[in-house]
>>> print(open('protein_14.txt').read())   # compact mmCIF, C-alpha atoms
# COMPACT_ATOMS: atom_id res chain seq x y z
CA MET T 114 39.73 74.09 32.74
CA GLY T 115 42.73 76.34 33.20
CA MET T 116 41.04 78.96 35.35
CA LYS T 117 43.33 81.24 37.30
CA LEU T 118 42.22 82.90 40.49
CA TYR T 119 44.49 85.69 41.70
CA GLY T 120 44.32 85.85 45.48
CA THR T 121 45.60 84.34 48.72
CA PRO T 122 44.34 81.88 51.33
CA LEU T 123 43.92 84.74 53.82
CA SER T 124 41.94 86.93 51.41
CA THR T 125 38.26 86.78 52.38
CA ASN T 126 36.95 87.71 48.95
CA ALA T 127 39.24 85.29 47.13
CA THR T 128 37.89 82.65 49.51
CA ARG T 129 34.35 83.60 48.48
CA VAL T 130 35.24 82.66 44.89
CA ARG T 131 37.21 79.56 45.94
CA SER T 132 34.19 78.35 47.88
CA LEU T 133 32.05 78.44 44.74
CA LEU T 134 34.68 76.89 42.47
CA ASN T 135 35.03 74.02 44.95
CA GLU T 136 31.26 73.64 45.26
CA LYS T 137 31.00 73.38 41.47
CA GLY T 138 34.00 71.05 41.27
CA ILE T 139 35.82 73.39 38.88
CA ASP T 140 39.62 73.15 38.75
CA PHE T 141 41.59 76.33 39.14
CA GLU T 142 45.02 77.61 40.03
CA LEU T 143 45.26 79.96 43.00
CA VAL T 144 47.88 82.48 41.93
CA PRO T 145 49.28 84.36 44.94
CA VAL T 146 49.57 88.13 44.79
CA ASN T 147 52.02 89.80 47.15
CA LEU T 148 49.63 92.16 48.90
CA ARG T 149 52.15 93.17 51.54
CA ALA T 150 54.57 94.28 48.85
CA GLY T 151 51.74 96.26 47.27
CA ASP T 152 51.87 94.28 44.01
CA HIS T 153 48.11 94.66 43.63
CA LYS T 154 48.46 98.42 43.42
CA ARG T 155 51.02 98.36 40.61
CA PRO T 156 50.73 98.31 36.81
CA PRO T 157 50.93 94.64 35.86
CA PHE T 158 48.13 93.80 38.30
CA LEU T 159 46.20 97.04 37.67
CA ALA T 160 45.79 95.88 34.08
CA LEU T 161 43.75 93.00 35.49
CA ASN T 162 41.79 95.04 38.03
CA PRO T 163 42.08 98.82 37.83
CA PHE T 164 40.75 99.04 41.40
CA GLY T 165 43.83 97.19 42.62
CA GLN T 166 42.09 94.46 44.60
CA VAL T 167 41.99 90.69 44.78
CA PRO T 168 40.41 88.46 43.66
CA VAL T 169 40.66 88.49 39.90
CA LEU T 170 39.43 85.54 37.87
CA GLN T 171 40.95 84.70 34.52
CA ASP T 172 38.86 82.24 32.49
CA GLY T 173 40.47 81.98 29.08
CA ASP T 174 40.23 85.48 27.62
CA ILE T 175 37.71 86.64 30.20
CA ILE T 176 39.13 88.64 33.11
CA LEU T 177 36.80 89.53 35.97
CA PHE T 178 37.02 91.29 39.33
CA GLU T 179 34.58 91.90 42.24
CA SER T 180 34.05 88.53 43.97
CA ARG T 181 30.25 88.70 43.87
CA ALA T 182 30.28 89.38 40.12
CA ILE T 183 32.79 86.58 39.63
CA ASN T 184 30.54 84.21 41.55
CA ARG T 185 27.51 85.28 39.49
CA TYR T 186 29.49 84.56 36.32
CA ILE T 187 30.60 81.13 37.49
CA ALA T 188 27.15 80.15 38.77
CA SER T 189 25.50 81.28 35.57
CA ARG T 190 27.94 80.22 32.86
CA TYR T 191 28.68 76.90 34.53
CA LYS T 192 25.20 76.16 35.80
CA GLU T 193 25.33 72.66 34.29
CA THR T 194 28.59 71.88 36.15
CA GLY T 195 27.99 70.60 39.67
CA PRO T 196 24.93 71.93 41.50
CA ASP T 197 22.88 74.75 39.95
CA LEU T 198 23.09 77.29 42.73
CA LEU T 199 20.89 79.86 40.96
CA ARG T 200 17.89 77.52 40.86
CA SER T 201 17.39 78.39 37.19
CA ALA T 202 14.90 75.56 36.71
CA ALA T 203 12.63 76.73 39.53
CA GLY T 204 9.72 79.18 39.26
CA PRO T 205 10.09 82.98 39.19
CA ALA T 206 9.42 83.32 42.92
CA GLU T 207 12.26 80.97 43.83
CA THR T 208 14.79 82.46 41.45
CA ALA T 209 13.81 85.94 42.65
CA ALA T 210 14.37 84.87 46.25
CA VAL T 211 17.96 83.95 45.33
CA GLU T 212 18.43 87.45 43.90
CA VAL T 213 16.95 89.09 47.00
CA TRP T 214 19.24 87.28 49.42
CA LEU T 215 22.28 87.80 47.17
CA ALA T 216 21.49 91.50 47.38
CA VAL T 217 20.90 91.32 51.13
CA GLU T 218 24.32 89.72 51.54
CA SER T 219 25.88 92.51 49.57
CA GLN T 220 23.99 95.46 51.04
CA GLN T 221 22.99 94.49 54.61
CA PHE T 222 25.20 91.65 55.85
CA GLY T 223 28.42 92.48 54.00
CA PRO T 224 29.14 96.03 55.16
CA PRO T 225 29.08 95.43 58.95
CA ILE T 226 30.67 91.98 58.92
CA GLU T 227 33.44 92.98 56.54
CA GLU T 228 34.41 95.89 58.72
CA LEU T 229 34.19 93.82 61.90
CA VAL T 230 36.32 90.98 60.53
CA PHE T 231 38.85 93.47 59.17
CA GLU T 232 39.16 95.26 62.53
CA VAL T 233 39.30 92.19 64.76
CA LEU T 234 41.02 89.54 62.69
CA ILE T 235 42.87 91.02 59.74
CA LYS T 236 44.37 94.12 61.34
CA PRO T 237 46.32 92.21 64.04
CA LEU T 238 47.73 89.94 61.33
CA ILE T 239 48.96 92.85 59.24
CA GLY T 240 50.43 94.82 62.11
CA GLU T 241 47.67 97.41 62.53
CA THR T 242 45.68 98.32 65.65
CA THR T 243 42.05 97.38 66.11
CA ASP T 244 39.68 100.34 66.44
CA GLN T 245 37.44 99.35 69.36
CA THR T 246 34.84 102.03 68.61
CA ALA T 247 34.42 100.62 65.12
CA VAL T 248 34.14 97.12 66.56
CA GLU T 249 31.35 98.13 68.95
CA ARG T 250 29.49 99.96 66.22
CA GLU T 251 29.67 97.06 63.76
CA VAL T 252 28.74 94.46 66.39
CA GLU T 253 25.53 96.41 66.97
CA ARG T 254 24.80 96.82 63.26
CA LEU T 255 25.52 93.18 62.49
CA GLY T 256 23.41 92.07 65.46
CA ARG T 257 20.36 93.85 64.03
CA VAL T 258 20.95 92.28 60.61
CA LEU T 259 21.32 88.82 62.11
CA ASP T 260 18.04 89.25 63.99
CA VAL T 261 16.39 89.41 60.56
CA TYR T 262 18.31 86.29 59.49
CA GLU T 263 17.25 84.48 62.66
CA GLU T 264 13.62 85.14 61.81
CA ARG T 265 14.08 84.17 58.13
CA LEU T 266 15.94 80.96 58.97
CA SER T 267 13.35 79.94 61.54
CA LYS T 268 10.91 79.66 58.63
CA ASN T 269 13.23 78.49 55.83
CA LYS T 270 16.01 75.94 55.87
CA TYR T 271 18.12 78.12 53.57
CA LEU T 272 17.98 81.81 52.83
CA ALA T 273 16.19 81.59 49.48
CA GLY T 274 13.90 78.72 50.50
CA GLY T 275 14.25 74.99 50.87
CA GLU T 276 17.52 74.54 49.00
CA PHE T 277 21.13 75.61 49.26
CA THR T 278 21.86 78.36 46.73
CA LEU T 279 24.49 80.92 45.82
CA ALA T 280 22.78 83.23 48.32
CA ASP T 281 23.84 80.97 51.21
CA LEU T 282 27.27 80.31 49.72
CA ASN T 283 28.14 83.98 49.41
CA HIS T 284 27.74 84.31 53.19
CA MET T 285 30.03 81.48 54.15
CA THR T 286 33.46 83.06 54.01
CA TYR T 287 32.73 85.99 56.26
CA THR T 288 30.70 83.85 58.65
CA TYR T 289 33.67 81.51 58.98
CA PHE T 290 35.99 84.42 59.71
CA LEU T 291 33.56 85.92 62.24
CA LEU T 292 33.47 82.58 64.08
CA ARG T 293 37.24 82.86 64.52
CA THR T 294 36.79 86.09 66.54
CA PRO T 295 35.58 86.88 70.07
CA GLN T 296 32.41 88.20 68.40
CA ALA T 297 31.49 84.65 67.29
CA ASP T 298 28.58 84.76 69.70
CA LEU T 299 26.76 87.00 67.20
CA VAL T 300 26.17 83.71 65.34
CA THR T 301 26.32 81.13 68.11
CA SER T 302 23.70 82.89 70.22
CA ARG T 303 21.12 82.77 67.40
CA SER T 304 19.93 79.17 67.21
CA HIS T 305 18.58 79.18 63.65
CA VAL T 306 21.53 81.09 62.24
CA LEU T 307 23.82 78.65 64.04
CA ALA T 308 21.91 75.62 62.74
CA TRP T 309 22.08 77.03 59.21
CA TRP T 310 25.83 77.56 59.56
CA GLU T 311 26.41 74.07 60.93
CA ASP T 312 24.50 72.61 58.02
CA ILE T 313 26.15 74.57 55.22
CA SER T 314 29.64 74.37 56.70
CA SER T 315 29.43 70.57 56.79
CA ARG T 316 29.37 70.50 52.98
CA PRO T 317 32.52 68.71 51.76
CA ALA T 318 33.32 71.51 49.29
CA TRP T 319 33.34 74.03 52.14
CA LYS T 320 35.69 71.90 54.21
CA LYS T 321 38.04 71.75 51.25
CA THR T 322 37.86 75.54 50.97
CA ALA T 323 38.48 76.05 54.69
CA GLU T 324 41.49 73.70 54.84
CA ILE T 325 43.97 76.30 53.68
CA ILE T 326 42.54 79.36 55.46
CA PRO T 327 45.34 80.33 57.88
CA VAL T 328 43.06 81.57 60.68
CA MET S 191 71.43 74.72 44.80
CA ALA S 192 72.24 70.98 45.03
CA LYS S 193 72.82 69.27 41.71
CA GLU S 194 71.87 65.82 42.83
CA ILE S 195 68.43 64.55 43.58
CA ALA S 196 68.25 61.39 45.64
CA THR S 197 65.14 59.26 45.33
CA PRO S 198 64.00 57.11 48.19
CA ALA S 199 63.09 53.46 47.80
CA ASN S 200 60.25 53.45 50.25
CA LEU S 201 59.40 56.18 52.77
CA THR S 202 56.78 55.72 55.46
CA LEU S 203 55.79 58.48 57.86
CA TYR S 204 53.98 57.72 61.09
CA SER S 205 52.03 60.88 61.76
CA TYR S 206 49.03 62.35 63.51
CA TRP S 207 47.09 64.96 61.55
CA ARG S 208 47.24 67.59 64.29
CA SER S 209 50.75 66.91 65.54
CA SER S 210 52.82 70.01 64.85
CA CYS S 211 55.97 67.85 65.01
CA SER S 212 54.53 65.62 62.28
CA GLN S 213 53.61 68.74 60.30
CA ARG S 214 57.28 69.84 60.32
CA VAL S 215 58.34 66.58 58.70
CA ARG S 216 55.47 66.67 56.20
CA ILE S 217 56.59 70.16 55.12
CA ALA S 218 60.21 69.05 54.76
CA LEU S 219 59.19 65.99 52.70
CA ASN S 220 57.04 68.18 50.44
CA LEU S 221 59.79 70.77 49.95
CA LYS S 222 62.22 68.03 48.96
CA GLY S 223 59.67 66.48 46.60
CA LEU S 224 59.65 63.18 48.48
CA ASP S 225 56.66 60.86 48.22
CA TYR S 226 55.79 58.84 51.29
CA GLU S 227 53.23 56.46 52.68
CA TYR S 228 51.17 58.07 55.43
CA LYS S 229 50.48 55.88 58.45
CA ALA S 230 48.14 57.49 60.95
CA VAL S 231 48.75 57.15 64.67
CA ASN S 232 45.73 58.40 66.62
CA LEU S 233 47.14 60.07 69.72
CA LEU S 234 43.69 60.58 71.22
CA LYS S 235 43.13 56.82 71.12
CA ASP S 236 46.60 56.17 72.55
CA GLU S 237 47.64 54.32 69.37
CA GLN S 238 51.21 55.38 70.07
CA SER S 239 51.14 52.74 72.81
CA ASN S 240 50.43 49.94 70.33
CA PRO S 241 53.34 47.48 70.55
CA GLU S 242 53.86 47.74 66.80
CA PHE S 243 54.43 51.50 67.05
CA GLU S 244 56.40 51.30 70.29
CA LYS S 245 58.88 49.04 68.48
CA ILE S 246 59.34 51.74 65.86
CA ASN S 247 59.63 54.55 68.42
CA PRO S 248 60.18 53.58 72.07
CA VAL S 249 59.54 57.16 73.20
CA LYS S 250 56.06 56.72 71.71
CA TYR S 251 55.93 60.12 70.07
CA VAL S 252 55.03 60.94 66.49
CA PRO S 253 56.41 61.49 63.95
CA ALA S 254 58.59 58.55 63.03
CA LEU S 255 60.10 57.99 59.60
CA VAL S 256 60.93 54.62 58.08
CA ASP S 257 63.34 54.76 55.13
CA GLY S 258 64.05 51.25 53.91
CA ASP S 259 65.56 49.62 56.97
CA THR S 260 66.39 52.89 58.70
CA VAL S 261 64.01 54.18 61.36
CA VAL S 262 64.35 57.76 62.61
CA SER S 263 62.12 59.36 65.18
CA ASP S 264 61.99 62.87 66.64
CA SER S 265 61.20 65.54 64.08
CA PHE S 266 64.49 67.41 64.53
CA ALA S 267 66.49 64.24 63.87
CA ILE S 268 64.21 63.26 60.99
CA VAL S 269 64.52 66.62 59.24
CA LEU S 270 68.31 66.67 59.62
CA TYR S 271 68.43 63.08 58.33
CA LEU S 272 66.36 64.11 55.30
CA GLU S 273 68.68 67.08 54.83
CA ASP S 274 71.72 64.79 54.70
CA LYS S 275 70.24 62.00 52.64
CA TYR S 276 68.13 64.02 50.19
CA PRO S 277 70.14 67.16 49.36
CA GLN S 278 67.58 68.59 46.94
CA TYR S 279 66.05 71.81 48.25
CA PRO S 280 68.57 72.29 51.08
CA LEU S 281 67.04 73.57 54.30
CA LEU S 282 70.24 74.82 55.91
CA PRO S 283 72.38 77.58 54.35
CA GLN S 284 76.17 77.46 54.10
CA ASP S 285 76.56 80.83 55.81
CA LEU S 286 77.40 79.97 59.45
CA LYS S 287 75.49 82.83 61.04
CA LYS S 288 72.35 82.08 59.05
CA LYS S 289 72.70 78.38 59.69
CA ALA S 290 72.99 79.00 63.42
CA LEU S 291 69.91 81.24 63.34
CA ASN S 292 67.91 78.53 61.59
CA LEU S 293 68.98 75.96 64.19
CA GLN S 294 68.20 78.40 66.98
CA VAL S 295 64.66 79.03 65.74
CA ALA S 296 64.05 75.29 65.27
CA SER S 297 65.40 74.64 68.74
CA ILE S 298 63.28 77.31 70.43
CA VAL S 299 60.16 75.86 68.84
CA SER S 300 61.00 72.23 69.49
CA SER S 301 62.48 72.60 73.00
CA SER S 302 61.02 75.73 74.52
CA ILE S 303 57.52 75.89 73.13
CA GLN S 304 56.01 72.71 71.73
CA PRO S 305 56.94 70.32 74.56
CA LEU S 306 55.23 72.65 77.03
CA GLN S 307 51.95 72.55 75.09
CA ASN S 308 51.91 69.00 73.76
CA LEU S 309 49.06 66.57 74.44
CA PRO S 310 50.46 64.70 77.47
CA VAL S 311 51.36 67.94 79.26
CA LEU S 312 48.04 69.64 78.52
CA SER S 313 46.07 66.52 79.50
CA TRP S 314 47.93 66.45 82.81
CA ILE S 315 47.23 70.14 83.48
CA LYS S 316 43.57 69.67 82.64
CA SER S 317 43.27 66.65 84.90
CA LYS S 318 44.96 68.40 87.84
CA PHE S 319 43.20 71.73 87.36
CA ASN S 320 40.66 72.41 84.59
CA ALA S 321 40.23 73.33 80.93
CA ASP S 322 40.72 77.06 81.64
CA GLU S 323 44.08 76.49 83.29
CA ARG S 324 45.02 74.18 80.44
CA LEU S 325 44.47 76.97 77.91
CA LYS S 326 46.22 79.59 80.04
CA TRP S 327 49.21 77.28 80.50
CA ALA S 328 49.51 76.68 76.77
CA GLN S 329 49.08 80.38 75.94
CA ASN S 330 51.68 81.39 78.53
CA HIS S 331 54.35 79.17 77.03
CA ILE S 332 53.49 79.92 73.42
CA ASN S 333 53.49 83.66 74.07
CA LYS S 334 56.85 83.51 75.82
CA GLY S 335 58.30 81.64 72.87
CA PHE S 336 56.70 83.97 70.32
CA ILE S 337 58.06 87.04 72.12
CA ALA S 338 61.56 85.58 71.78
CA LEU S 339 61.09 84.55 68.15
CA GLU S 340 59.66 87.94 67.21
CA LYS S 341 62.74 89.67 68.66
CA LEU S 342 65.07 87.26 66.88
CA LEU S 343 63.46 87.57 63.48
CA LYS S 344 62.09 91.09 63.26
CA ASP S 345 65.18 92.60 61.71
CA CYS S 346 65.55 89.94 59.08
CA ALA S 347 64.83 91.31 55.66
CA GLY S 348 63.51 88.74 53.25
CA LYS S 349 60.38 86.94 52.33
CA TYR S 350 60.78 84.16 54.91
CA ALA S 351 62.27 83.86 58.39
CA THR S 352 65.95 84.04 57.52
CA GLY S 353 65.95 85.16 53.90
CA ASP S 354 64.19 84.78 50.60
CA GLU S 355 64.29 80.97 50.61
CA VAL S 356 62.26 78.67 52.85
CA GLN S 357 64.68 77.11 55.32
CA LEU S 358 64.70 75.00 58.46
CA ALA S 359 63.45 77.86 60.62
CA ASP S 360 60.33 78.19 58.45
CA VAL S 361 59.69 74.43 58.57
CA PHE S 362 59.62 74.58 62.38
CA LEU S 363 57.92 77.96 62.74
CA GLU S 364 54.78 77.47 60.70
CA PRO S 365 53.35 74.43 62.54
CA GLN S 366 53.83 76.25 65.85
CA ILE S 367 52.27 79.50 64.65
CA TYR S 368 49.43 77.58 63.03
CA ALA S 369 48.72 75.71 66.27
CA GLY S 370 48.90 78.96 68.22
CA VAL S 371 46.42 80.72 65.95
CA LYS S 372 44.06 77.84 65.27
CA ARG S 373 43.98 75.98 68.56
CA PHE S 374 45.17 78.26 71.33
CA GLN S 375 43.63 81.62 70.37
CA ILE S 376 46.98 83.41 70.41
CA ASP S 377 46.61 87.12 69.64
CA MET S 378 49.19 87.73 66.93
CA SER S 379 49.19 91.54 67.16
CA PRO S 380 52.37 91.63 69.31
CA TYR S 381 54.11 89.48 66.68
CA PRO S 382 53.86 91.25 63.31
CA THR S 383 56.86 89.37 61.86
CA LEU S 384 55.47 85.99 62.82
CA ALA S 385 52.04 87.02 61.50
CA ARG S 386 53.55 88.09 58.19
CA LEU S 387 55.48 84.80 57.93
CA HIS S 388 52.36 82.78 58.73
CA GLU S 389 50.53 84.48 55.88
CA ALA S 390 53.46 83.91 53.49
CA TYR S 391 53.61 80.20 54.35
CA SER S 392 49.86 79.85 53.78
CA GLU S 393 50.46 80.60 50.09
CA LEU S 394 53.02 77.84 49.50
CA PRO S 395 51.76 74.51 48.11
CA ALA S 396 54.36 72.52 50.10
CA PHE S 397 53.00 74.04 53.32
CA GLN S 398 49.36 73.77 52.26
CA ALA S 399 49.68 70.06 51.54
CA ALA S 400 51.13 69.55 55.04
CA LEU S 401 48.26 71.28 56.86
CA PRO S 402 46.51 69.21 59.53
CA ASP S 403 43.09 69.43 57.87
CA ARG S 404 44.54 68.04 54.67
CA GLN S 405 45.85 64.81 56.17
CA PRO S 406 44.16 61.45 55.57
CA ASP S 407 43.37 61.05 59.27
CA ALA S 408 41.85 64.52 59.75
CA PRO S 409 38.29 64.05 60.98
CA SER S 410 35.63 64.54 58.30
CA SER S 411 33.74 66.93 60.52
CA SER S 412 35.77 69.86 61.88
>>> encode(input="protein_14.txt", output="structure tokens")
Amino acid sequence: MGMKLYGTPLSTNATRVRSLLNEKGIDFELVPVNLRAGDHKRPPFLALNPFGQVPVLQDGDIILFESRAINRYIASRYKETGPDLLRSAAGPAETAAVEVWLAVESQQFGPPIEELVFEVLIKPLIGETTDQTAVEREVERLGRVLDVYEERLSKNKYLAGGEFTLADLNHMTYTYFLLRTPQADLVTSRSHVLAWWEDISSRPAWKKTAEIIPV
Amino acid sequence: MAKEIATPANLTLYSYWRSSCSQRVRIALNLKGLDYEYKAVNLLKDEQSNPEFEKINPVKYVPALVDGDTVVSDSFAIVLYLEDKYPQYPLLPQDLKKKALNLQVASIVSSSIQPLQNLPVLSWIKSKFNADERLKWAQNHINKGFIALEKLLKDCAGKYATGDEVQLADVFLEPQIYAGVKRFQIDMSPYPTLARLHEAYSELPAFQAALPDRQPDAPSSS
């Protein structure tokens, strides 16, 4: 297919896109960007993403940034390739549920977990110091969010209902990273969240995605 | 850069997916563009004690390389053999100081760190004490080694350990750092150089293909 994904194995948001491309069975080239050298903040890269962030997806003439938007594009345009993770053929209630939990990932789950993972896992790897106050704050926030998930997943096998959708997939990268931290018990102590994770992370496409994550 | 490329007749690597020593050889083979047959030796099932394998390597360690009728075991010996026989993508520089540094890093990893946290040693510690002591033992030796490596490499400018090209030091470093991070919960914050190198290696296809999870004998559930 000739898709190019600009990003690195350590980049959480590039991994979010990789996880979908692998799930759909779409070939792509992972093009490294030297983040430490600041290449993403300089002109050739800024032409791809003026916000200076990875990932960027190049699909022919189409250039996209923002991993959640990229995933929406892939899931929608390539819905006939591999599994249809938007449940387009289902009724309006089911497809709406996918939208709700995609939004929940972005607005409720994302903010605390992204900050937590950055503080605890990424900062030590890039030579910065973890801010313990931020960690405590985000652990509390994320805990309250995951209480909602625990309740939801006690009644539904997957977030949007009975089937695995893009809503579940978009959570996988950060959940994986969280489980590599001392704060993993946020997930492991919640039996339905844990069961959900064990199920979705056993998908072969996820294992392929996780193989090259260096943490 | 070497002008010649030697092609092997028939390379077989006896390897265990998680063995960091096997990973070193897998990286070196990938860097030199050498295809090989992968033969898995399951260390948890004591397959290294099978008479067939013991004939190939009496020390009963993996990896072991079979190249035609030549058998080489011990990753350091294997990598230097590959370096001599297959000069494409040389892993040791001509500059004597740099060459010595590469050998020093490889030696620290393969003598002063890995042997103190390999399976037989950790199994022994666990059986005499417990799983907690096992982890603390491994972390103690890995941290000591990482402190030394960090001091040795922190002033080196360049994309990789000893310069802008991947060399022997990198081949030995990455499997040890990977094991430290993935299996022994090593906190990398005291080792910013090693952390930076680990990230750089993660982007290289030759290193990615050598990762434990990518090997044919890696368990299907992780």
>>> interface_residues(input="protein_14.txt", of="chain S", to="chain T", cutoff="8 Å", atoms="all atoms listed in the file", output="PyMOL selection string")
chain S and resi 368+371-372+377-379+381-382+385-386+388-389+392-393+398+401+403-404+411-412
>>> residues_around(input="protein_14.txt", residues="Val306 of chain T", least_positions_apart="4", cutoff="10 Å", atoms="all atoms listed in the file", output="mmCIF file with C-alpha atoms, in the frame of the given file")
data_model
loop_
_atom_site.group_PDB
_atom_site.id
_atom_site.type_symbol
_atom_site.label_atom_id
_atom_site.label_comp_id
_atom_site.auth_asym_id
_atom_site.auth_seq_id
_atom_site.Cartn_x
_atom_site.Cartn_y
_atom_site.Cartn_z
ATOM 1 C CA LEU T 259 21.320 88.820 62.110
ATOM 2 C CA ASP T 260 18.040 89.250 63.990
ATOM 3 C CA VAL T 261 16.390 89.410 60.560
ATOM 4 C CA TYR T 262 18.310 86.290 59.490
ATOM 5 C CA GLU T 263 17.250 84.480 62.660
ATOM 6 C CA GLU T 264 13.620 85.140 61.810
ATOM 7 C CA ARG T 265 14.080 84.170 58.130
ATOM 8 C CA LEU T 266 15.940 80.960 58.970
ATOM 9 C CA SER T 267 13.350 79.940 61.540
ATOM 10 C CA LYS T 270 16.010 75.940 55.870
ATOM 11 C CA TYR T 271 18.120 78.120 53.570
ATOM 12 C CA LEU T 299 26.760 87.000 67.200
ATOM 13 C CA VAL T 300 26.170 83.710 65.340
ATOM 14 C CA THR T 301 26.320 81.130 68.110
ATOM 15 C CA SER T 302 23.700 82.890 70.220
ATOM 16 C CA TRP T 310 25.830 77.560 59.560
ATOM 17 C CA GLU T 311 26.410 74.070 60.930
ATOM 18 C CA ASP T 312 24.500 72.610 58.020
#
>>> residues_around(input="protein_14.txt", residues="Val231 of chain S", least_positions_apart="6", cutoff="12 Å", atoms="only C-alpha atoms", output="PDB file with C-alpha atoms, in the frame of the given file")
ATOM      1  CA  LEU S 203      55.790  58.480  57.860  1.00  0.00           C
ATOM      2  CA  TYR S 204      53.980  57.720  61.090  1.00  0.00           C
ATOM      3  CA  SER S 205      52.030  60.880  61.760  1.00  0.00           C
ATOM      4  CA  TYR S 206      49.030  62.350  63.510  1.00  0.00           C
ATOM      5  CA  TRP S 207      47.090  64.960  61.550  1.00  0.00           C
ATOM      6  CA  ARG S 208      47.240  67.590  64.290  1.00  0.00           C
ATOM      7  CA  SER S 209      50.750  66.910  65.540  1.00  0.00           C
ATOM      8  CA  SER S 212      54.530  65.620  62.280  1.00  0.00           C
ATOM      9  CA  GLU S 237      47.640  54.320  69.370  1.00  0.00           C
ATOM     10  CA  GLN S 238      51.210  55.380  70.070  1.00  0.00           C
ATOM     11  CA  SER S 239      51.140  52.740  72.810  1.00  0.00           C
ATOM     12  CA  ASN S 240      50.430  49.940  70.330  1.00  0.00           C
ATOM     13  CA  GLU S 242      53.860  47.740  66.800  1.00  0.00           C
ATOM     14  CA  PHE S 243      54.430  51.500  67.050  1.00  0.00           C
ATOM     15  CA  GLU S 244      56.400  51.300  70.290  1.00  0.00           C
ATOM     16  CA  ILE S 246      59.340  51.740  65.860  1.00  0.00           C
ATOM     17  CA  ASN S 247      59.630  54.550  68.420  1.00  0.00           C
ATOM     18  CA  LYS S 250      56.060  56.720  71.710  1.00  0.00           C
ATOM     19  CA  TYR S 251      55.930  60.120  70.070  1.00  0.00           C
ATOM     20  CA  VAL S 252      55.030  60.940  66.490  1.00  0.00           C
ATOM     21  CA  PRO S 253      56.410  61.490  63.950  1.00  0.00           C
ATOM     22  CA  ALA S 254      58.590  58.550  63.030  1.00  0.00           C
ATOM     23  CA  GLN S 405      45.850  64.810  56.170  1.00  0.00           C
ATOM     24  CA  PRO S 406      44.160  61.450  55.570  1.00  0.00           C
ATOM     25  CA  ASP S 407      43.370  61.050  59.270  1.00  0.00           C
ATOM     26  CA  ALA S 408      41.850  64.520  59.750  1.00  0.00           C
TER      27      ALA S 408
END
>>> atom_distance(input="protein_14.txt", atom1="atom CA of Ile176 of chain T", atom2="atom CA of Leu229 of chain T")
29.7 Å
>>> atom_distance(input="protein_14.txt", atom1="atom CA of Asp172 of chain T", atom2="atom CA of Leu118 of chain T")
8.7 Å
>>> atom_distance(input="protein_14.txt", atom1="atom CA of Glu227 of chain T", atom2="atom CA of Tyr289 of chain T")
11.7 Å
>>> residues_near_point(input="protein_14.txt", point="(56.9, 79.7, 70.7)", cutoff="6 Å", atoms="only C-alpha atoms", output="PyMOL selection string")
chain S and resi 299+303+332+335-336
>>> residues_around(input="protein_14.txt", residues="Tyr186 of chain T", least_positions_apart="4", cutoff="12 Å", atoms="all atoms listed in the file", output="VMD selection string")
chain T and resid 130 133 to 134 170 to 172 175 to 182 190 to 192 198 to 199 279
>>> residues_around(input="protein_14.txt", residues="Ala203 of chain T", least_positions_apart="4", cutoff="12 Å", atoms="all atoms listed in the file", output="count of residues only")
13
>>> closest_residue(input="protein_14.txt", among="S:His331, S:Arg373, S:Lys229, S:Lys349", to="Ser301 of chain S", atoms="all atoms listed in the file")
S:His331
>>> residues_near_point(input="protein_14.txt", point="(62.7, 67.9, 61.4)", cutoff="8 Å", atoms="all atoms listed in the file", output="JSON, numbers by chain")
{"S": [211, 214, 215, 218, 264, 265, 266, 267, 268, 269, 270, 358, 361, 362]}
>>> axis_aligned_box(input="protein_14.txt", around="segment 117-123 of chain T", padding_each_side="3 Å", output="AutoDock Vina command-line options")
--center_x 43.9 --center_y 83.5 --center_z 45.6 --size_x 9.4 --size_y 10.6 --size_z 22.5
>>> residues_around(input="protein_14.txt", residues="Val311 of chain S", least_positions_apart="3", cutoff="12 Å", atoms="all atoms listed in the file", output="list of chain:residue names")
S:Ile303, S:Gln304, S:Pro305, S:Leu306, S:Gln307, S:Asn308, S:Trp314, S:Ile315, S:Lys316, S:Ser317, S:Lys318, S:Glu323, S:Arg324, S:Leu325, S:Trp327, S:Ala328, S:His331
>>> closest_residue(input="protein_14.txt", among="S:Ser302, S:Asn220, S:Gln278, S:Gln366", to="Thr197 of chain S", atoms="all atoms listed in the file")
S:Gln278
